[in-house]
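What follows is the content of query.cif (mmCIF, C-alpha atoms).
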data_data
loop_
_atom_site.label_atom_id
_atom_site.label_comp_id
_atom_site.auth_asym_id
_atom_site.auth_seq_id
_atom_site.Cartn_x
_atom_site.Cartn_y
_atom_site.Cartn_z
CA MET A 1 0.00 0.00 0.00
CA MET A 2 1.30 3.39 -0.95
CA ALA A 3 0.28 6.76 -2.31
CA GLU A 4 -3.41 6.80 -1.49
CA LEU A 5 -3.26 10.37 -0.21
CA SER A 6 -3.07 13.19 -2.74
CA LEU A 7 0.06 15.32 -2.83
CA SER A 8 -2.08 18.47 -2.91
CA SER A 9 -3.82 17.57 0.34
CA VAL A 10 -0.50 16.85 2.06
CA GLU A 11 0.92 20.13 0.74
CA LYS A 12 -2.13 21.95 2.11
CA ILE A 13 -1.47 20.52 5.56
CA LEU A 14 2.11 21.80 5.39
CA LYS A 15 0.94 25.23 4.28
CA ASP A 16 -1.60 25.29 7.10
CA ALA A 17 1.26 24.48 9.47
CA GLY A 18 2.96 27.71 8.38
CA ALA A 19 5.15 26.62 5.46
CA LYS A 20 5.75 29.40 2.93
CA ARG A 21 7.21 27.10 0.30
CA VAL A 22 7.50 23.33 0.19
CA SER A 23 9.68 21.14 -2.02
CA ASP A 24 8.11 18.22 -3.88
CA ASP A 25 10.42 15.84 -2.04
CA ALA A 26 9.20 17.15 1.30
CA ILE A 27 5.57 16.56 0.35
CA ARG A 28 6.31 13.03 -0.82
CA GLU A 29 8.31 12.27 2.33
CA LEU A 30 5.52 13.49 4.61
CA ARG A 31 2.96 11.53 2.61
CA LYS A 32 5.04 8.37 3.00
CA ILE A 33 5.36 8.89 6.75
CA ILE A 34 1.69 9.54 7.40
CA GLU A 35 0.58 6.67 5.15
CA GLU A 36 2.82 4.28 7.07
CA PHE A 37 1.43 5.69 10.31
CA ALA A 38 -2.14 5.24 9.08
CA GLU A 39 -1.39 1.75 7.81
CA ASP A 40 0.00 0.75 11.21
CA ILE A 41 -3.13 2.02 12.95
CA GLY A 42 -5.31 0.27 10.38
CA THR A 43 -3.53 -3.05 10.85
CA GLU A 44 -3.93 -2.78 14.61
CA ALA A 45 -7.60 -1.77 14.29
CA VAL A 46 -8.29 -4.82 12.12
CA LYS A 47 -6.79 -7.07 14.80
CA VAL A 48 -8.77 -5.31 17.52
CA ALA A 49 -12.05 -5.73 15.62
CA GLU A 50 -11.30 -9.39 14.87
CA HIS A 51 -10.56 -9.94 18.54
CA ALA A 52 -14.00 -8.49 19.31
CA GLY A 53 -15.58 -10.85 16.80
CA ARG A 54 -16.45 -8.16 14.26
CA LYS A 55 -15.69 -7.75 10.59
CA THR A 56 -16.58 -4.05 10.61
CA ILE A 57 -13.96 -1.61 11.83
CA LYS A 58 -15.62 0.92 14.13
CA GLU A 59 -14.52 4.24 15.55
CA LYS A 60 -13.77 2.57 18.87
CA ASP A 61 -11.35 0.18 17.15
CA ILE A 62 -9.38 3.11 15.76
CA LYS A 63 -9.32 4.72 19.20
CA PHE A 64 -8.31 1.46 20.83
CA ALA A 65 -5.59 0.93 18.22
CA THR A 66 -4.14 4.34 19.06
CA ARG A 67 -4.79 3.82 22.78
CA GLN A 68 -7.04 6.87 22.99
CA TYR A 69 -9.79 5.10 24.86
CA MET B 1 -6.79 22.95 9.97
CA MET B 2 -8.94 19.92 9.37
CA ALA B 3 -10.29 17.60 6.73
CA GLU B 4 -7.73 18.05 3.97
CA LEU B 5 -7.51 14.33 3.32
CA SER B 6 -10.32 12.63 1.43
CA LEU B 7 -12.43 10.06 3.23
CA SER B 8 -12.10 7.71 0.27
CA SER B 9 -8.30 7.72 0.47
CA VAL B 10 -8.37 7.03 4.21
CA GLU B 11 -10.89 4.23 3.67
CA LYS B 12 -8.61 2.74 1.02
CA ILE B 13 -5.75 2.65 3.50
CA LEU B 14 -7.96 0.77 5.97
CA LYS B 15 -9.04 -1.67 3.28
CA ASP B 16 -5.41 -2.20 2.29
CA ALA B 17 -4.70 -2.94 5.96
CA GLY B 18 -7.17 -5.82 5.77
CA ALA B 19 -10.48 -4.27 6.80
CA LYS B 20 -13.50 -6.01 5.26
CA ARG B 21 -15.93 -3.29 6.23
CA VAL B 22 -15.36 0.10 7.82
CA SER B 23 -17.84 2.43 9.51
CA ASP B 24 -17.97 6.09 8.49
CA ASP B 25 -17.08 7.10 12.04
CA ALA B 26 -13.96 4.95 11.91
CA ILE B 27 -12.80 6.61 8.70
CA ARG B 28 -13.38 10.09 10.12
CA GLU B 29 -11.58 9.19 13.35
CA LEU B 30 -8.55 7.87 11.50
CA ARG B 31 -8.51 10.93 9.26
CA LYS B 32 -8.54 13.20 12.31
CA ILE B 33 -5.69 11.30 13.93
CA ILE B 34 -3.42 11.26 10.89
CA GLU B 35 -4.14 14.92 10.07
CA GLU B 36 -3.16 15.92 13.60
CA PHE B 37 -0.04 13.75 13.27
CA ALA B 38 0.83 15.38 9.92
CA GLU B 39 0.14 18.85 11.30
CA ASP B 40 2.50 18.23 14.21
CA ILE B 41 5.25 17.11 11.85
CA GLY B 42 4.57 20.10 9.60
CA THR B 43 4.78 22.56 12.49
CA GLU B 44 8.08 21.02 13.60
CA ALA B 45 9.44 21.02 10.03
CA VAL B 46 8.62 24.73 9.66
CA LYS B 47 10.59 25.49 12.83
CA VAL B 48 13.49 23.32 11.65
CA ALA B 49 13.64 25.09 8.28
CA GLU B 50 13.41 28.53 9.91
CA HIS B 51 16.23 27.54 12.24
CA ALA B 52 18.29 26.69 9.17
CA GLY B 53 17.50 30.10 7.64
CA ARG B 54 15.24 28.74 4.91
CA LYS B 55 11.69 29.53 3.90
CA THR B 56 11.35 26.36 1.83
CA ILE B 57 10.53 23.14 3.63
CA LYS B 58 12.76 20.39 2.27
CA GLU B 59 12.69 16.62 2.58
CA LYS B 60 15.46 16.77 5.17
CA ASP B 61 13.31 19.04 7.35
CA ILE B 62 10.53 16.46 7.37
CA LYS B 63 13.03 13.76 8.24
CA PHE B 64 14.59 15.91 10.95
CA ALA B 65 11.15 16.72 12.34
CA THR B 66 10.40 13.02 12.66
CA ARG B 67 13.93 12.27 13.85
CA GLN B 68 14.64 9.97 10.94
CA TYR B 69 17.96 11.51 10.09
#

Here is a file; write its structure as structure tokens.
Amino acid sequence: MMAELSLSSVEKILKDAGAKRVSDDAIRELRKIIEEFAEDIGTEAVKVAEHAGRKTIKEKDIKFATRQY
Amino acid sequence: MMAELSLSSVEKILKDAGAKRVSDDAIRELRKIIEEFAEDIGTEAVKVAEHAGRKTIKEKDIKFATRQY
């Protein structure tokens, strides 16, 4: 799994964070990092839901996966 | 800053992670979490670039911000 998130949306986040200018490499690097982060949470959430006997991932599974419960 | 990333792209990441079905709330929760994560990295990268006397955020600033240097 890679490159599901659009470069323009990731660039917008960087601009919102105060960036005046952003290199293409920086946008791609941040996208890679947050996709890996999201994938890790997703993998954990799938396990959590399976453990609960469900096939549907719910909000509480995401929160549990990130230990925000 | 909120909701720059599309729900469909976040859902795709969850599906790629093995989710059979995903609730809308779960997708929105994961989007919120990864946007906050990305915003934190962006804020740090802006500071790192400013410290280096640059207005352009480069790949190395993202890596430095996430301590992957």

(request) Identify, on the basis of all atoms listed in the file, every residue whose closest approach to stretch 6-19 of chain A does not exceed 9 Å; exclude the query and any residue fewer than 6 positions from it along the same chain; express the result as a ChimeraX atom specification. (result) /A:26-28,30-31 /B:1-2,4-6,9,35,38-46,55-57

(message) Give me, as number ranges by chain, all polymer residues having an atom no more than 7 Å from B:Lys58, counting only C-alpha atoms and skipping those fewer than 5 positions away in the same chain.
(response) A: 22-23, 25-26

(message) Can you spell out as an MDAnalysis selection string the set of residues that the PyMOL selection byres ((chain B and resi 66) around 9) selects in the structure I just provided?
(response) (chainID A and resid 33) or (chainID B and resid 41 44:45 61:65 67:69)

(request) Work out how far atom CA of B:Arg54 is from atom CA of A:Arg21, in Å to one decimal. (result) 9.4 Å

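For the atom pair formed by atom CA of B:Val48 and atom CA of B:Lys60, the distance is 9.4 Å, given to one decimal.
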
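For the atom pair formed by atom CA of B:Glu29 and atom CA of A:Phe37, the distance is 13.8 Å, given to one decimal.
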
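The smallest atom-to-atom distance between chain B and any of A:Gly53, A:Lys20, A:Glu36, A:Lys47, using all atoms listed in the file, is found for A:Lys20.
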
Fix up stretch 27-46 of chain A with N, CA, C and O atoms, then write it as a PDB file, in the frame of the given file.
ATOM      1  N   ILE A  27       6.965  17.005   0.372  1.00  0.00           N
ATOM      2  CA  ILE A  27       5.570  16.560   0.350  1.00  0.00           C
ATOM      3  C   ILE A  27       5.501  15.042   0.248  1.00  0.00           C
ATOM      4  O   ILE A  27       4.759  14.382   0.969  1.00  0.00           O
ATOM      5  N   ARG A  28       6.314  14.482  -0.653  1.00  0.00           N
ATOM      6  CA  ARG A  28       6.310  13.030  -0.820  1.00  0.00           C
ATOM      7  C   ARG A  28       6.802  12.312   0.441  1.00  0.00           C
ATOM      8  O   ARG A  28       6.294  11.247   0.809  1.00  0.00           O
ATOM      9  N   GLU A  29       7.794  12.889   1.111  1.00  0.00           N
ATOM     10  CA  GLU A  29       8.310  12.270   2.330  1.00  0.00           C
ATOM     11  C   GLU A  29       7.242  12.281   3.422  1.00  0.00           C
ATOM     12  O   GLU A  29       7.034  11.263   4.096  1.00  0.00           O
ATOM     13  N   LEU A  30       6.559  13.420   3.578  1.00  0.00           N
ATOM     14  CA  LEU A  30       5.520  13.490   4.610  1.00  0.00           C
ATOM     15  C   LEU A  30       4.375  12.531   4.279  1.00  0.00           C
ATOM     16  O   LEU A  30       3.842  11.865   5.169  1.00  0.00           O
ATOM     17  N   ARG A  31       4.021  12.466   2.992  1.00  0.00           N
ATOM     18  CA  ARG A  31       2.960  11.530   2.610  1.00  0.00           C
ATOM     19  C   ARG A  31       3.341  10.094   2.971  1.00  0.00           C
ATOM     20  O   ARG A  31       2.537   9.343   3.517  1.00  0.00           O
ATOM     21  N   LYS A  32       4.575   9.731   2.680  1.00  0.00           N
ATOM     22  CA  LYS A  32       5.040   8.370   3.000  1.00  0.00           C
ATOM     23  C   LYS A  32       4.922   8.103   4.510  1.00  0.00           C
ATOM     24  O   LYS A  32       4.425   7.058   4.939  1.00  0.00           O
ATOM     25  N   ILE A  33       5.361   9.059   5.293  1.00  0.00           N
ATOM     26  CA  ILE A  33       5.360   8.890   6.750  1.00  0.00           C
ATOM     27  C   ILE A  33       3.934   8.749   7.291  1.00  0.00           C
ATOM     28  O   ILE A  33       3.652   7.855   8.099  1.00  0.00           O
ATOM     29  N   ILE A  34       3.038   9.612   6.836  1.00  0.00           N
ATOM     30  CA  ILE A  34       1.690   9.540   7.400  1.00  0.00           C
ATOM     31  C   ILE A  34       0.917   8.330   6.865  1.00  0.00           C
ATOM     32  O   ILE A  34       0.068   7.790   7.553  1.00  0.00           O
ATOM     33  N   GLU A  35       1.241   7.885   5.647  1.00  0.00           N
ATOM     34  CA  GLU A  35       0.580   6.670   5.150  1.00  0.00           C
ATOM     35  C   GLU A  35       1.044   5.441   5.934  1.00  0.00           C
ATOM     36  O   GLU A  35       0.242   4.561   6.252  1.00  0.00           O
ATOM     37  N   GLU A  36       2.320   5.399   6.263  1.00  0.00           N
ATOM     38  CA  GLU A  36       2.820   4.280   7.070  1.00  0.00           C
ATOM     39  C   GLU A  36       2.187   4.303   8.460  1.00  0.00           C
ATOM     40  O   GLU A  36       1.819   3.259   9.009  1.00  0.00           O
ATOM     41  N   PHE A  37       2.068   5.515   8.993  1.00  0.00           N
ATOM     42  CA  PHE A  37       1.430   5.690  10.310  1.00  0.00           C
ATOM     43  C   PHE A  37      -0.012   5.205  10.259  1.00  0.00           C
ATOM     44  O   PHE A  37      -0.462   4.435  11.121  1.00  0.00           O
ATOM     45  N   ALA A  38      -0.737   5.626   9.237  1.00  0.00           N
ATOM     46  CA  ALA A  38      -2.140   5.240   9.080  1.00  0.00           C
ATOM     47  C   ALA A  38      -2.278   3.747   8.853  1.00  0.00           C
ATOM     48  O   ALA A  38      -3.199   3.094   9.367  1.00  0.00           O
ATOM     49  N   GLU A  39      -1.356   3.182   8.086  1.00  0.00           N
ATOM     50  CA  GLU A  39      -1.390   1.750   7.810  1.00  0.00           C
ATOM     51  C   GLU A  39      -1.167   0.944   9.104  1.00  0.00           C
ATOM     52  O   GLU A  39      -1.835  -0.067   9.332  1.00  0.00           O
ATOM     53  N   ASP A  40      -0.244   1.425   9.935  1.00  0.00           N
ATOM     54  CA  ASP A  40       0.000   0.750  11.210  1.00  0.00           C
ATOM     55  C   ASP A  40      -1.246   0.773  12.085  1.00  0.00           C
ATOM     56  O   ASP A  40      -1.596  -0.239  12.710  1.00  0.00           O
ATOM     57  N   ILE A  41      -1.902   1.911  12.146  1.00  0.00           N
ATOM     58  CA  ILE A  41      -3.130   2.020  12.950  1.00  0.00           C
ATOM     59  C   ILE A  41      -4.201   1.103  12.362  1.00  0.00           C
ATOM     60  O   ILE A  41      -4.903   0.401  13.089  1.00  0.00           O
ATOM     61  N   GLY A  42      -4.319   1.106  11.042  1.00  0.00           N
ATOM     62  CA  GLY A  42      -5.310   0.270  10.380  1.00  0.00           C
ATOM     63  C   GLY A  42      -5.089  -1.207  10.660  1.00  0.00           C
ATOM     64  O   GLY A  42      -6.036  -1.938  10.965  1.00  0.00           O
ATOM     65  N   THR A  43      -3.855  -1.646  10.576  1.00  0.00           N
ATOM     66  CA  THR A  43      -3.530  -3.050  10.850  1.00  0.00           C
ATOM     67  C   THR A  43      -3.905  -3.423  12.271  1.00  0.00           C
ATOM     68  O   THR A  43      -4.483  -4.482  12.530  1.00  0.00           O
ATOM     69  N   GLU A  44      -3.588  -2.534  13.198  1.00  0.00           N
ATOM     70  CA  GLU A  44      -3.930  -2.780  14.610  1.00  0.00           C
ATOM     71  C   GLU A  44      -5.444  -2.777  14.808  1.00  0.00           C
ATOM     72  O   GLU A  44      -5.981  -3.626  15.536  1.00  0.00           O
ATOM     73  N   ALA A  45      -6.140  -1.861  14.153  1.00  0.00           N
ATOM     74  CA  ALA A  45      -7.600  -1.770  14.290  1.00  0.00           C
ATOM     75  C   ALA A  45      -8.283  -3.031  13.750  1.00  0.00           C
ATOM     76  O   ALA A  45      -9.289  -3.489  14.310  1.00  0.00           O
ATOM     77  N   VAL A  46      -7.742  -3.576  12.670  1.00  0.00           N
ATOM     78  CA  VAL A  46      -8.290  -4.820  12.120  1.00  0.00           C
ATOM     79  C   VAL A  46      -8.154  -5.949  13.142  1.00  0.00           C
ATOM     80  O   VAL A  46      -9.095  -6.710  13.383  1.00  0.00           O
TER      81      VAL A  46
END
